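For reference, the structure is listed below as structure tokens.
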Amino acid sequence: MVTASYDGFPGAVAVSRLDVYDWPTVDGRPGGGTPHLHLTCSEGYVVTDGEGSVQTLTTSGFQETPLRAGTVAWFTPGTIHRLVNDGGLRITVVMQNSGLPEAGDAVLTLPPDLLTDPGTYAAAVRLPTRGSEKEQATAARSRRDLATRRFLELRDAAATGDQEPLAAFHRAAAELVRPRLADWERRWQEGAHAAATATRAQLAALGDGDPRHLAAARTRAGGPTATGRFGMCGRLDVYHEA
């Protein structure tokens, strides 16, 4: 008999719509997002419009992957990534472990002195919540440019064979999120783990000839819970599980 159930979004992933920033970048690109990595979440892009690229940096080196309408690209935790907008780049973003990105599973490539402790980092990345849209945009652009300069330094160091700056960033990022791990565990238990556990129970029931979970089928739908939000990489329409 099926004893586990899950009725959240398939696979407990998060979905958002992203218009990548079109502000010119510090290295002369037409537009782009803020470089960062995720510590426990893989991320996928489904490109719906425009063109550009995603620049990535790992211990294997730097890579630039072209993006255009119809492209699907994804990368695993630890991949520093930076979106480049060459014109009208719009993406549907699919994120593993729904809820974790909003709970801090992202660290921007800020200078080392801003990664020393959670409070210092939080102050550096925080955007004004009560200011005008212009003030929010100015803060988001300044934050992006600061992180981009450090990303370029990390990229250039890696290109010369010096992996220590990247390794130091990894260590700092891991330390920053340690206070959040208990909350992340709970979110994972209620999301991805619950979804996988339900599938295991359903497979076992079907193997026993028991289809009763099919009688509990349901349909759910909803719209974005936030629109036009200033995110790390662009203006976001955010969808959360009900």
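Just so we're on the same page: first chain in the structure tokens is A, next is B, and so on; residues restart at 1 for each chain, and ligands are numbered from 1 in the order they show up.
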Members of range 24-238 of chain A assigned helix (DSSP H, G or I) by DSSP, as number ranges by chain: A: 101-103, 112-114, 118-125, 133-159, 164-207, 212-216
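Near Arg186 in chain A, within a cut-off of 12 Å and counting only C-alpha atoms, sit the residues Asn97, Ser98, Gly99, Leu100, Ala103, Arg180, Leu181, Ala182, Glu190, Gly191, Ala192, His193 and Ala194 of chain A, with same-chain residues fewer than 4 positions away left out.
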For Gly78 in chain A: contacts at 7 Å, only C-alpha atoms, fewer than 2 positions along chain excluded, given as a list of chain:residue names: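 That gives A:Leu37, A:His38, A:Leu39, A:Thr76, A:Ile80.
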Glu43 in chain A environment, 9 Å, only C-alpha atoms, sequence neighbours closer than 5 positions dropped, as a VMD selection string: chain A and resid 38 73 to 77 93 to 96
Would you write out those residues with C-alpha atoms, as a short mmCIF file (atom, residue, chain, number, x, y, z; two decimals), in the first residue's frame?
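Done, and the output landed in part.cif:
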data_model
loop_
_atom_site.label_atom_id
_atom_site.label_comp_id
_atom_site.auth_asym_id
_atom_site.auth_seq_id
_atom_site.Cartn_x
_atom_site.Cartn_y
_atom_site.Cartn_z
CA HIS A 38 25.26 27.25 -5.85
CA ALA A 73 21.92 24.08 -20.69
CA TRP A 74 22.59 23.05 -17.11
CA PHE A 75 25.42 22.79 -14.62
CA THR A 76 26.12 21.20 -11.25
CA PRO A 77 26.82 22.70 -7.80
CA VAL A 93 15.25 28.80 -15.09
CA VAL A 94 14.79 25.37 -13.50
CA MET A 95 16.47 24.98 -10.12
CA GLN A 96 17.03 21.79 -8.16
#
All residues 12 Å or closer to Pro211 in chain A, only C-alpha atoms, same chain fewer than 5 positions away omitted, as a count of residues only: 10
For Cys233 in chain A, the nearest of the candidates A:Val84, A:Ala174, A:Ala196, A:Ala159, counting only C-alpha atoms: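 Result for the nearest residue to Cys233 in chain A: A:Val84.
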Residues flagged strand (DSSP E) by DSSP in range 75-242 of chain A, as a count of residues only: 30
Length of the CA of Ser53 in chain A to CA of Ala69 in chain A vector [Å]: 11.3 Å
Which residue of A:Glu133, A:Glu175, A:Asp162, A:Asp156 approaches Arg229 in chain A most closely, using only C-alpha atoms: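 Comparing A:Glu133, A:Glu175, A:Asp162, A:Asp156 against Arg229 in chain A, the winner is A:Glu133.
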Selection near range 44-51 of chain A, 6 Å with only C-alpha atoms, sequence-local residues under 6 positions removed, as a PyMOL selection string: chain A and resi 67-74+86-94
Pro128 in chain A surroundings by only C-alpha atoms, 12 Å radius, close-in-sequence under 5 positions cut, as a PyMOL selection string: chain A and resi 123+133-140+143+229-230
Output for the residues just chosen: N, CA and C atoms as an mmCIF file, in the first residue's frame:
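The result, written out as again12.cif:
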data_model
loop_
_atom_site.group_PDB
_atom_site.id
_atom_site.type_symbol
_atom_site.label_atom_id
_atom_site.label_comp_id
_atom_site.auth_asym_id
_atom_site.auth_seq_id
_atom_site.Cartn_x
_atom_site.Cartn_y
_atom_site.Cartn_z
ATOM 1 N N ALA A 123 25.240 42.063 4.289
ATOM 2 C CA ALA A 123 25.186 43.508 4.085
ATOM 3 C C ALA A 123 25.658 43.880 2.691
ATOM 4 N N GLU A 133 12.473 52.177 -7.607
ATOM 5 C CA GLU A 133 12.980 51.185 -8.553
ATOM 6 C C GLU A 133 14.355 51.596 -9.070
ATOM 7 N N LYS A 134 14.572 52.884 -9.267
ATOM 8 C CA LYS A 134 15.877 53.354 -9.726
ATOM 9 C C LYS A 134 16.954 53.047 -8.693
ATOM 10 N N GLU A 135 16.649 53.248 -7.415
ATOM 11 C CA GLU A 135 17.617 52.961 -6.361
ATOM 12 C C GLU A 135 17.915 51.466 -6.296
ATOM 13 N N GLN A 136 16.894 50.645 -6.461
ATOM 14 C CA GLN A 136 17.115 49.201 -6.461
ATOM 15 C C GLN A 136 17.970 48.780 -7.650
ATOM 16 N N ALA A 137 17.684 49.354 -8.812
ATOM 17 C CA ALA A 137 18.457 49.021 -10.001
ATOM 18 C C ALA A 137 19.917 49.436 -9.842
ATOM 19 N N THR A 138 20.146 50.610 -9.273
ATOM 20 C CA THR A 138 21.517 51.083 -9.066
ATOM 21 C C THR A 138 22.276 50.148 -8.140
ATOM 22 N N ALA A 139 21.617 49.721 -7.053
ATOM 23 C CA ALA A 139 22.262 48.809 -6.112
ATOM 24 C C ALA A 139 22.529 47.454 -6.761
ATOM 25 N N ALA A 140 21.571 46.944 -7.531
ATOM 26 C CA ALA A 140 21.749 45.645 -8.185
ATOM 27 C C ALA A 140 22.881 45.701 -9.209
ATOM 28 N N ARG A 143 26.243 45.839 -7.318
ATOM 29 C CA ARG A 143 26.547 44.507 -6.794
ATOM 30 C C ARG A 143 27.057 43.593 -7.906
ATOM 31 N N ARG A 229 11.157 41.179 -10.100
ATOM 32 C CA ARG A 229 12.067 41.351 -8.971
ATOM 33 C C ARG A 229 13.512 41.466 -9.452
ATOM 34 N N PHE A 230 14.283 42.330 -8.801
ATOM 35 C CA PHE A 230 15.699 42.429 -9.137
ATOM 36 C C PHE A 230 16.431 41.228 -8.548
#
From A:Val238, A:Pro224, A:Ala106, A:His213, residue lying nearest Ala198 in chain A [only C-alpha atoms]: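 When distances to Ala198 in chain A are compared using only C-alpha atoms, the smallest one comes from A:His213.
Relative to CA of Thr58 in chain A, CA of Thr79 in chain A is found at 5.4 Å.
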Residue nearest Gly234 in chain A - candidates A:Asn85, A:Thr40, A:Gln163, A:Thr129, atoms counted: only C-alpha atoms: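 Of the candidates, the smallest distance to Gly234 in chain A is held by A:Asn85.
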Counting only C-alpha atoms, the residue of A:Ala4, A:Leu108, A:Ala12, A:Val54 that sits nearest Pro35 in chain A: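 Closest residue, counting only C-alpha atoms: A:Leu108.
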